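*Asks:* Okay, so here is structure-v9.tsv, and as you'll see once you scroll down, it has TSV, C-alpha atoms.
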chain	number	residue	atom	x	y	z
A	1	MET	CA	0.00	0.00	0.00
A	2	GLU	CA	3.00	2.32	0.36
A	3	ILE	CA	2.92	2.58	-3.41
A	4	LEU	CA	0.11	5.14	-2.90
A	5	TYR	CA	2.76	7.64	-1.77
A	6	LEU	CA	4.11	7.46	-5.31
A	7	LEU	CA	0.90	6.92	-7.27
A	8	LEU	CA	-1.15	9.74	-5.76
A	9	PRO	CA	1.38	12.53	-6.47
A	10	LEU	CA	1.90	10.99	-9.90
A	11	SER	CA	-1.83	11.12	-10.66
A	12	LEU	CA	-2.00	14.70	-9.42
A	13	ALA	CA	0.90	15.62	-11.70
A	14	ILE	CA	-0.82	14.00	-14.68
A	15	ILE	CA	-4.07	15.82	-13.92
A	16	ALA	CA	-2.15	19.09	-13.68
A	17	LEU	CA	-0.60	18.33	-17.06
A	18	ILE	CA	-4.01	17.57	-18.61
A	19	GLY	CA	-5.37	20.79	-17.11
A	20	ALA	CA	-2.46	22.77	-18.56
A	21	VAL	CA	-2.98	21.23	-22.01
A	22	LEU	CA	-6.70	22.01	-21.85
A	23	TRP	CA	-5.88	25.59	-20.87
A	24	TRP	CA	-3.47	25.94	-23.76
A	25	ALA	CA	-5.91	24.35	-26.24
A	26	VAL	CA	-8.80	26.61	-25.26
A	27	PHE	CA	-6.78	29.83	-25.21
A	28	SER	CA	-5.11	29.02	-28.50
A	29	GLY	CA	-8.57	29.00	-30.01
A	30	GLN	CA	-9.08	25.31	-30.72
A	31	TYR	CA	-12.53	25.25	-29.14
A	32	ASP	CA	-13.76	28.53	-30.64
A	33	ASP	CA	-15.59	26.82	-33.46
A	34	ALA	CA	-16.02	23.08	-33.05
A	35	GLU	CA	-17.75	22.80	-36.45
A	36	GLN	CA	-15.04	24.42	-38.51
A	37	ALA	CA	-12.60	21.52	-38.70
A	38	GLY	CA	-15.33	19.08	-39.76
A	39	CYS	CA	-16.56	21.42	-42.51
A	40	SER	CA	-13.13	22.46	-43.76
A	41	ILE	CA	-13.00	19.66	-46.33
A	42	LEU	CA	-16.13	21.06	-47.98
A	43	TYR	CA	-14.60	24.52	-48.37
A	44	ASP	CA	-11.33	23.17	-49.70
A	45	ASP	CA	-10.15	25.01	-52.74
A	46	ASP	CA	-9.46	22.29	-55.33
A	47	ARG	CA	-8.60	24.60	-58.23
A	48	MET	CA	-4.92	24.67	-57.35
A	49	ILE	CA	-4.65	20.89	-57.70
A	50	THR	CA	-6.61	20.81	-60.96
A	51	ARG	CA	-4.40	23.49	-62.40
A	52	SER	CA	-1.21	21.64	-61.54
A	53	VAL	CA	-2.49	18.39	-63.07
A	54	ASP	CA	-3.97	19.82	-66.23
A	55	PRO	CA	-2.75	23.37	-66.97
A	56	ASP	CA	-4.65	23.65	-70.29
A	57	GLN	CA	-8.10	23.19	-68.77
A	58	SER	CA	-7.92	26.12	-66.34
B	59	MET	CA	-29.30	18.73	-40.81
B	60	MET	CA	-25.84	18.15	-39.38
B	61	PRO	CA	-25.48	17.21	-35.72
B	62	ARG	CA	-23.91	20.09	-33.86
B	63	SER	CA	-21.57	20.23	-30.92
B	64	SER	CA	-23.13	21.60	-27.76
B	65	PHE	CA	-19.92	23.51	-27.18
B	66	SER	CA	-20.58	25.76	-30.14
B	67	PRO	CA	-24.31	26.41	-30.42
B	68	GLN	CA	-23.50	29.53	-32.45
B	69	PHE	CA	-23.92	29.57	-36.18
B	70	ALA	CA	-21.28	30.27	-38.76
B	71	ASP	CA	-22.69	33.60	-39.92
B	72	VAL	CA	-22.95	35.02	-36.41
B	73	PRO	CA	-19.96	37.32	-35.87
B	74	VAL	CA	-18.26	36.92	-32.51
B	75	ALA	CA	-16.95	40.00	-30.75
B	76	PRO	CA	-13.39	39.60	-29.41
B	77	GLU	CA	-14.66	40.55	-25.94
B	78	SER	CA	-17.20	37.73	-25.85
B	79	LEU	CA	-14.67	35.32	-27.36
B	80	ALA	CA	-12.35	35.84	-24.39
B	81	THR	CA	-15.28	35.44	-22.00
B	82	LYS	CA	-16.30	32.24	-23.75
B	83	ARG	CA	-12.79	30.80	-23.59
B	84	ARG	CA	-12.48	31.62	-19.92
B	85	ALA	CA	-15.88	30.05	-19.17
B	86	LEU	CA	-14.90	26.94	-21.12
B	87	VAL	CA	-11.63	26.52	-19.23
B	88	ARG	CA	-13.41	26.96	-15.90
B	89	LEU	CA	-15.94	24.36	-16.96
B	90	GLY	CA	-13.39	21.89	-18.32
B	91	LEU	CA	-11.19	22.10	-15.24
B	92	ALA	CA	-14.21	21.57	-12.99
B	93	TRP	CA	-15.18	18.42	-14.90
B	94	LEU	CA	-11.61	17.14	-14.88
B	95	ALA	CA	-11.26	17.67	-11.14
B	96	MET	CA	-14.74	16.28	-10.50
B	97	MET	CA	-13.99	12.94	-12.10
B	98	GLN	CA	-10.70	12.55	-10.25
B	99	VAL	CA	-12.13	13.60	-6.91
B	100	MET	CA	-14.93	11.07	-7.37
B	101	MET	CA	-12.33	8.33	-7.68
B	102	PHE	CA	-10.41	9.62	-4.67
B	103	ALA	CA	-13.68	9.60	-2.71
B	104	LEU	CA	-14.28	5.89	-3.27
B	105	PRO	CA	-12.44	4.63	-0.14
B	106	GLY	CA	-14.57	7.00	1.93
B	107	TYR	CA	-17.72	5.33	0.59
B	108	LEU	CA	-16.27	1.87	1.18
B	109	ARG	CA	-15.55	2.62	4.82
B	110	HIS	CA	-19.18	1.99	5.77
B	111	GLU	CA	-18.88	-1.54	4.43
B	112	ALA	CA	-15.53	-2.36	6.02
B	113	ALA	CA	-15.36	-5.23	8.48
B	114	GLY	CA	-12.48	-6.02	10.78
B	115	GLN	CA	-10.22	-3.67	12.71
B	116	ASP	CA	-7.05	-4.12	10.65
B	117	SER	CA	-8.74	-3.48	7.30
B	118	LEU	CA	-10.38	-0.41	8.82
B	119	GLU	CA	-6.99	0.97	9.83
B	120	VAL	CA	-5.56	0.52	6.35
B	121	LEU	CA	-8.68	2.08	4.86
B	122	ASP	CA	-8.50	5.08	7.18
B	123	TRP	CA	-4.90	5.67	6.20
B	124	ALA	CA	-5.85	5.47	2.51
B	125	ILE	CA	-8.81	7.81	3.07
B	126	LEU	CA	-6.52	10.37	4.69
B	127	LEU	CA	-4.16	10.31	1.70
B	128	MET	CA	-7.08	10.50	-0.72
B	129	ASN	CA	-8.54	13.45	1.18
B	130	TRP	CA	-5.31	15.40	0.73
B	131	ALA	CA	-5.30	14.58	-2.97
B	132	SER	CA	-8.97	15.64	-3.23
B	133	LEU	CA	-8.24	18.87	-1.39
B	134	THR	CA	-5.42	19.64	-3.82
B	135	LEU	CA	-7.83	19.24	-6.73
B	136	THR	CA	-10.77	21.01	-5.11
B	137	ILE	CA	-8.86	24.21	-4.31
B	138	PRO	CA	-8.54	25.25	-7.99
B	139	VAL	CA	-12.20	24.36	-8.55
B	140	VAL	CA	-13.36	26.46	-5.63
B	141	LEU	CA	-11.02	29.38	-6.34
B	142	TYR	CA	-10.88	29.43	-10.15
B	143	SER	CA	-13.84	27.51	-11.61
B	144	ALA	CA	-16.32	28.83	-9.07
B	145	TRP	CA	-14.96	32.38	-9.36
B	146	PRO	CA	-18.07	33.64	-11.26
B	147	ILE	CA	-20.19	32.45	-8.33
B	148	TRP	CA	-18.10	34.32	-5.74
B	149	ARG	CA	-17.97	37.44	-7.92
B	150	GLY	CA	-21.69	37.26	-8.66
B	151	SER	CA	-22.62	36.96	-5.01
B	152	ALA	CA	-20.27	39.80	-4.02
B	153	GLN	CA	-21.87	42.03	-6.67
B	154	ALA	CA	-25.35	41.05	-5.56
B	155	LEU	CA	-24.49	41.79	-1.94
B	156	SER	CA	-23.04	45.19	-2.78
B	157	ARG	CA	-26.23	46.07	-4.68
B	158	ARG	CA	-28.34	44.64	-1.86
B	159	ARG	CA	-30.04	42.22	-4.21
B	160	ILE	CA	-30.63	38.51	-3.68
B	161	THR	CA	-29.56	36.28	-6.55
B	162	MET	CA	-29.03	32.52	-6.80
B	163	ASP	CA	-25.28	33.08	-6.44
B	164	ILE	CA	-25.61	33.90	-2.75
B	165	PRO	CA	-27.11	30.60	-1.51
B	166	VAL	CA	-24.81	28.71	-3.88
B	167	ALA	CA	-21.74	30.51	-2.53
B	168	LEU	CA	-22.96	29.97	1.01
B	169	SER	CA	-23.42	26.25	0.54
B	170	LEU	CA	-20.06	25.92	-1.20
B	171	PHE	CA	-18.52	27.68	1.77
B	172	VAL	CA	-20.22	25.54	4.42
B	173	ALA	CA	-19.32	22.36	2.55
B	174	PHE	CA	-15.72	23.37	1.80
B	175	VAL	CA	-14.55	24.77	5.12
B	176	PRO	CA	-15.58	21.75	7.31
B	177	SER	CA	-14.00	19.46	4.70
B	178	VAL	CA	-10.72	21.36	4.89
B	179	ILE	CA	-10.83	21.24	8.69
B	180	ALA	CA	-11.58	17.50	8.60
B	181	THR	CA	-8.66	16.93	6.22
B	182	PHE	CA	-6.23	18.79	8.48
B	183	ARG	CA	-7.55	17.04	11.60
B	184	GLY	CA	-7.34	13.68	9.86
B	185	SER	CA	-10.84	12.62	10.91
B	186	GLY	CA	-14.39	13.40	9.86
B	187	GLU	CA	-16.30	13.45	6.60
B	188	VAL	CA	-15.22	15.44	3.57
B	189	TYR	CA	-17.45	16.68	0.76
B	190	PHE	CA	-14.91	17.42	-1.96
B	191	ASP	CA	-16.73	15.16	-4.43
B	192	SER	CA	-20.05	16.94	-3.82
B	193	ILE	CA	-18.41	20.36	-4.16
B	194	THR	CA	-16.64	19.64	-7.45
B	195	MET	CA	-19.67	17.87	-8.88
B	196	PHE	CA	-21.96	20.73	-7.96
B	197	VAL	CA	-19.65	23.35	-9.48
B	198	ALA	CA	-19.21	21.30	-12.67
B	199	PHE	CA	-22.96	20.75	-13.15
B	200	LEU	CA	-23.86	24.35	-12.41
B	201	LEU	CA	-21.19	25.80	-14.70
B	202	THR	CA	-22.26	23.44	-17.49
B	203	ALA	CA	-25.90	24.46	-17.26
B	204	ARG	CA	-24.97	28.15	-17.21
B	205	TYR	CA	-22.48	27.80	-20.04
B	206	ILE	CA	-24.92	26.09	-22.39
B	207	GLU	CA	-27.66	28.54	-21.46
B	208	GLN	CA	-25.45	31.57	-22.13
B	209	ARG	CA	-24.00	30.22	-25.40
B	210	ALA	CA	-27.42	29.32	-26.70
B	211	ARG	CA	-28.78	32.72	-25.69
B	212	LEU	CA	-25.99	34.51	-27.57
B	213	ALA	CA	-26.71	32.37	-30.62
B	214	ASN	CA	-30.38	33.27	-30.48
B	215	LEU	CA	-29.75	36.98	-30.06
B	216	SER	CA	-29.25	37.41	-33.77
B	217	THR	CA	-31.64	34.78	-35.10
B	218	ASN	CA	-34.85	35.28	-33.14
B	219	ASP	CA	-36.60	38.34	-31.86
B	220	HIS	CA	-34.64	38.40	-28.66
B	221	SER	CA	-36.56	40.98	-26.66
B	222	THR	CA	-39.46	38.62	-25.85
B	223	LEU	CA	-37.02	35.81	-25.18
B	224	ALA	CA	-34.76	37.90	-22.97
B	225	GLY	CA	-37.78	39.13	-21.05
B	226	PHE	CA	-39.07	35.60	-20.68
B	227	SER	CA	-35.68	34.32	-19.45
B	228	SER	CA	-35.17	37.06	-16.91
B	229	THR	CA	-38.72	36.71	-15.56
B	230	LEU	CA	-38.29	32.97	-15.15
B	231	LEU	CA	-34.86	33.32	-13.55
B	232	THR	CA	-36.08	35.99	-11.15
B	233	GLN	CA	-39.04	33.86	-10.06
B	234	ALA	CA	-36.87	30.78	-9.60
B	235	ASN	CA	-34.30	32.83	-7.67
B	236	ARG	CA	-36.94	34.18	-5.33
B	237	VAL	CA	-38.39	30.76	-4.54
B	238	ALA	CA	-34.98	29.11	-4.11
B	239	THR	CA	-33.48	31.88	-1.99
B	240	LEU	CA	-36.46	31.95	0.32
B	241	PHE	CA	-36.33	28.19	0.69
B	242	VAL	CA	-32.58	28.14	1.34
B	243	CYS	CA	-32.95	30.81	4.04
B	244	VAL	CA	-35.72	28.76	5.69
B	245	GLN	CA	-33.54	25.65	5.51
B	246	LEU	CA	-30.51	27.39	7.01
B	247	VAL	CA	-32.59	28.70	9.90
B	248	ALA	CA	-34.11	25.22	10.37
B	249	ALA	CA	-30.64	23.64	10.32
B	250	ALA	CA	-29.42	26.07	12.98
B	251	VAL	CA	-32.47	25.40	15.18
B	252	ILE	CA	-32.20	21.61	14.78
B	253	ALA	CA	-28.47	21.68	15.56
B	254	ALA	CA	-29.18	23.80	18.64
B	255	VAL	CA	-31.75	21.24	19.83
B	256	TRP	CA	-29.22	18.45	19.31
B	257	TRP	CA	-26.63	20.53	21.16
B	258	VAL	CA	-28.92	20.56	24.19
B	259	ILE	CA	-29.88	16.86	24.00
B	260	ALA	CA	-26.66	15.25	22.75
B	261	PRO	CA	-23.76	17.70	22.20
B	262	ALA	CA	-21.50	15.03	20.69
B	263	GLN	CA	-23.95	14.41	17.86
B	264	ALA	CA	-24.73	18.05	17.03
B	265	TRP	CA	-21.91	18.56	14.52
B	266	SER	CA	-22.56	15.31	12.63
B	267	VAL	CA	-26.20	16.35	12.26
B	268	LEU	CA	-25.47	19.95	11.30
B	269	VAL	CA	-23.09	19.22	8.42
B	270	PRO	CA	-25.49	16.93	6.46
B	271	LEU	CA	-28.24	19.48	7.05
B	272	LEU	CA	-26.07	22.23	5.58
B	273	VAL	CA	-25.03	20.03	2.66
B	274	MET	CA	-28.68	19.28	1.99
B	275	SER	CA	-29.61	22.93	2.14
B	276	CYS	CA	-27.38	23.34	-0.90
B	277	PRO	CA	-29.63	24.62	-3.66
B	278	CYS	CA	-27.97	22.37	-6.27
B	279	ALA	CA	-31.16	21.22	-7.95
B	280	LEU	CA	-32.93	24.51	-7.24
B	281	SER	CA	-30.22	26.58	-8.88
B	282	LEU	CA	-30.14	24.24	-11.87
B	283	ALA	CA	-33.94	24.27	-12.33
B	284	ALA	CA	-34.31	27.48	-14.35
B	285	PRO	CA	-30.95	27.57	-16.21
B	286	VAL	CA	-31.20	24.02	-17.59
B	287	SER	CA	-34.81	24.59	-18.73
B	288	LEU	CA	-33.75	27.80	-20.45
B	289	ALA	CA	-30.73	26.08	-21.99
B	290	ALA	CA	-32.98	23.34	-23.36
B	291	LEU	CA	-35.35	25.98	-24.71
B	292	GLN	CA	-32.58	27.97	-26.38
B	293	LEU	CA	-31.02	24.88	-27.93
B	294	ASN	CA	-34.46	23.84	-29.08
B	295	LEU	CA	-35.00	27.22	-30.77
B	296	ALA	CA	-31.49	27.39	-32.21
B	297	GLY	CA	-31.24	23.88	-33.59
B	298	GLY	CA	-34.78	22.94	-34.57
B	299	GLU	CA	-37.05	23.97	-37.39
B	300	PRO	CA	-38.30	27.58	-37.45
B	301	LEU	CA	-41.42	27.74	-35.30
B	302	SER	CA	-44.66	29.63	-35.78
B	303	THR	CA	-45.63	32.17	-33.13
B	304	LEU	CA	-48.22	29.76	-31.80
B	305	GLU	CA	-45.74	26.90	-31.50
B	306	ARG	CA	-43.20	29.18	-29.89
B	307	ASP	CA	-45.69	30.35	-27.30
B	308	ALA	CA	-46.54	26.71	-26.57
B	309	LEU	CA	-42.83	25.98	-26.16
B	310	LEU	CA	-42.37	28.92	-23.79
B	311	ALA	CA	-45.38	27.76	-21.76
B	312	ARG	CA	-43.88	24.27	-21.63
B	313	THR	CA	-40.56	25.71	-20.44
B	314	THR	CA	-42.32	27.61	-17.66
B	315	ARG	CA	-44.15	24.43	-16.66
B	316	MET	CA	-40.93	22.43	-16.72
B	317	THR	CA	-39.09	24.99	-14.59
B	318	ARG	CA	-41.91	24.84	-12.04
B	319	GLN	CA	-41.78	21.03	-12.07
B	320	ASN	CA	-38.02	21.13	-11.50
B	321	LEU	CA	-38.25	23.77	-8.81
B	322	TYR	CA	-41.12	22.29	-6.82
B	323	GLY	CA	-39.96	18.71	-7.36
B	324	ALA	CA	-36.60	19.66	-5.84
B	325	LEU	CA	-38.39	21.52	-3.03
B	326	ILE	CA	-40.52	18.47	-2.20
B	327	TRP	CA	-37.43	16.28	-2.23
B	328	HIS	CA	-35.73	18.68	0.20
B	329	VAL	CA	-38.78	18.73	2.46
B	330	LEU	CA	-38.97	14.92	2.48
B	331	THR	CA	-35.28	14.34	3.26
B	332	MET	CA	-34.93	17.16	5.80
B	333	PRO	CA	-36.72	15.35	8.71
B	334	LEU	CA	-34.55	12.27	8.17
B	335	ALA	CA	-31.44	14.43	8.41
B	336	ALA	CA	-32.87	16.21	11.44
B	337	LEU	CA	-33.24	12.85	13.21
B	338	GLY	CA	-29.58	12.12	12.51
B	339	TRP	CA	-30.34	9.23	10.17
B	340	VAL	CA	-28.66	10.77	7.15
B	341	THR	CA	-24.90	10.38	6.95
B	342	PRO	CA	-23.05	13.09	5.03
B	343	TRP	CA	-22.30	10.86	2.05
B	344	LEU	CA	-25.98	9.97	1.86
B	345	ALA	CA	-26.81	13.69	1.89
B	346	ALA	CA	-24.40	14.22	-0.99
B	347	LEU	CA	-25.96	11.31	-2.91
B	348	SER	CA	-29.41	12.73	-2.31
B	349	MET	CA	-28.30	16.08	-3.77
B	350	LEU	CA	-26.81	14.29	-6.76
B	351	PHE	CA	-30.07	12.43	-7.30
B	352	SER	CA	-32.22	15.57	-7.30
B	353	SER	CA	-29.78	17.43	-9.60
B	354	ALA	CA	-29.73	14.52	-12.03
B	355	ALA	CA	-33.54	14.39	-12.01
B	356	VAL	CA	-33.68	18.09	-12.90
B	357	LEU	CA	-31.17	17.59	-15.73
B	358	LEU	CA	-33.11	14.62	-17.12
B	359	ASN	CA	-36.37	16.54	-17.00
B	360	ALA	CA	-34.89	19.42	-18.98
B	361	TRP	CA	-33.37	16.95	-21.43
B	362	ARG	CA	-36.92	15.95	-22.41
B	363	LEU	CA	-37.58	19.50	-23.59
B	364	TYR	CA	-34.43	19.45	-25.69
B	365	ARG	CA	-35.27	16.04	-27.18
B	366	SER	CA	-38.66	17.26	-28.37
B	367	ARG	CA	-36.81	19.34	-30.99
B	368	ARG	CA	-35.93	16.23	-32.98
B	369	MET	CA	-39.07	15.61	-34.95
B	370	PRO	CA	-39.59	12.46	-37.05
B	371	PHE	CA	-38.48	12.83	-40.65
B	372	SER	CA	-42.02	12.69	-42.08
B	373	GLN	CA	-43.14	15.60	-39.91
B	374	ARG	CA	-39.96	17.50	-40.59
B	375	GLY	CA	-40.49	17.21	-44.32
B	376	ARG	CA	-44.04	18.44	-44.01
B	377	ALA	CA	-43.05	21.43	-41.90
B	378	THR	CA	-40.48	22.61	-44.42
B	379	ALA	CA	-42.81	21.96	-47.34
B	380	LEU	CA	-45.34	24.47	-46.01
B	381	PRO	CA	-45.33	27.79	-47.87
B	382	ASN	CA	-43.84	30.68	-45.95
B	383	HIS	CA	-47.08	32.57	-45.39
B	384	LEU	CA	-48.58	29.51	-43.67
B	385	GLN	CA	-45.68	29.12	-41.29
B	386	THR	CA	-45.92	32.56	-39.73
Could you write out this structure as structure tokens?
*Replies:*
Amino acid sequence: MEILYLLLPLSLAIIALIGAVLWWAVFSGQYDDAEQAGCSILYDDDRMITRSVDPDQS
Amino acid sequence: MMPRSSFSPQFADVPVAPESLATKRRALVRLGLAWLAMMQVMMFALPGYLRHEAAGQDSLEVLDWAILLMNWASLTLTIPVVLYSAWPIWRGSAQALSRRRITMDIPVALSLFVAFVPSVIATFRGSGEVYFDSITMFVAFLLTARYIEQRARLANLSTNDHSTLAGFSSTLLTQANRVATLFVCVQLVAAAVIAAVWWVIAPAQAWSVLVPLLVMSCPCALSLAAPVSLAALQLNLAGGEPLSTLERDALLARTTRMTRQNLYGALIWHVLTMPLAALGWVTPWLAALSMLFSSAAVLLNAWRLYRSRRMPFSQRGRATALPNHLQT
């Protein structure tokens, strides 16, 4: 049971780390618009790729 | 229609002011940290719940030692929740006090205080019950309800005629506040009287009766009653089909009814459990469980209002097929 002396501080440290990562993620704007990332594929601009494959068609 | 995240009930074409963006981020961090701490503190609280089942002196000693360690870990996690996550509650109650107005923040802050301080004392003394799991859970639930309600309200500001809605919300919140505050004051006075009676009859028992009484006077479910109903209403309006005036009025009436159900259901629950606590039959962990039960019931009730937004496909098709002049 003495292992608790190691495990409890370890778990607290991990929680602190998770909290810090959450803090960073929120304040760097990752949660500002939860829809954006899912929709980004729809707004992708494909013209660049088409142009590079077939320059005559553009 | 695409499923939407509850964390962003705003729509793409709604511009977000930088001011409100910072507020939103701060609220989200407070909320996230409260949930993170809540789940860990719940796990740390497990040995405390097991203690009532323990048999044998030697296993009890080991368990008590583990509980003491867990209490310190819980305290470490609860301090940021009480000081940072619950900061809007402290600030709100300080503002209300300085304006000599009673809002829901005051009883919430009071109950947080009376649950937190004895827990800290018990942790330092190394004996007695702690309520860190109740505190973190309460803060996490309350912040979640308020967050969703505020986000959904901001989203609706630009899409619906917000003056009726804002008026409706503030009326409902004021009514709920008045009922809950009155009830909490009555409960606090009753707790003091009951503890005084116990002090005369059996002084040793007075403290162990007073603390569950104070925990149970926590307006957890009461303070959730109006915000979760309003959050469900706002999400309903924001995410569902456009409603006719008639349907909207029906929805508002339903929200009022649901808030009353929540409020008076929680009141009845408090009234029923109070005599048991007064007799000293309710242990603190049972009081905390009882508060969890009533809060969860309120949340589930409001969830029904939110669910009603998802109409069957046949009906949805018919509603959109109606010409515009028939819908309004």
*Asks:* Find the distance between atom CA of B:Arg149 and atom CA of B:Ala324 and write it in Å to one decimal.
*Replies:*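 Here the two named atoms are 25.8 Å from each other.
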*Asks:* Could you work out how far atom CA of B:Ala279 lies from atom CA of B:Ser352, giving the answer in Å with one decimal?
*Replies:*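 One can read the atom CA of B:Ser352 to atom CA of B:Ala279 distance as 5.8 Å.
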*Asks:* Residues of chain A within 8 Å of chain B, counting all atoms listed in the file - could you list those as a list in words?
*Replies:* Leu8, Pro9, Leu12, Ile15, Gly19, Leu22, Trp23, Val26, Phe27, Gly29, Tyr31, Asp32, Asp33, Ala34 and Glu35 of chain A
*Asks:* Using Å and a single decimal, report how far atom CA of B:Ala311 sits from atom CA of B:Val242.
*Replies:* 26.4 Å
*Asks:* Calculated over all atoms listed in the file, which of the candidates B:Val269, B:Leu223, B:Leu89, B:Ala345 has the smallest distance to B:Trp327?
*Replies:*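 For B:Trp327, the nearest of the given residues is B:Ala345.
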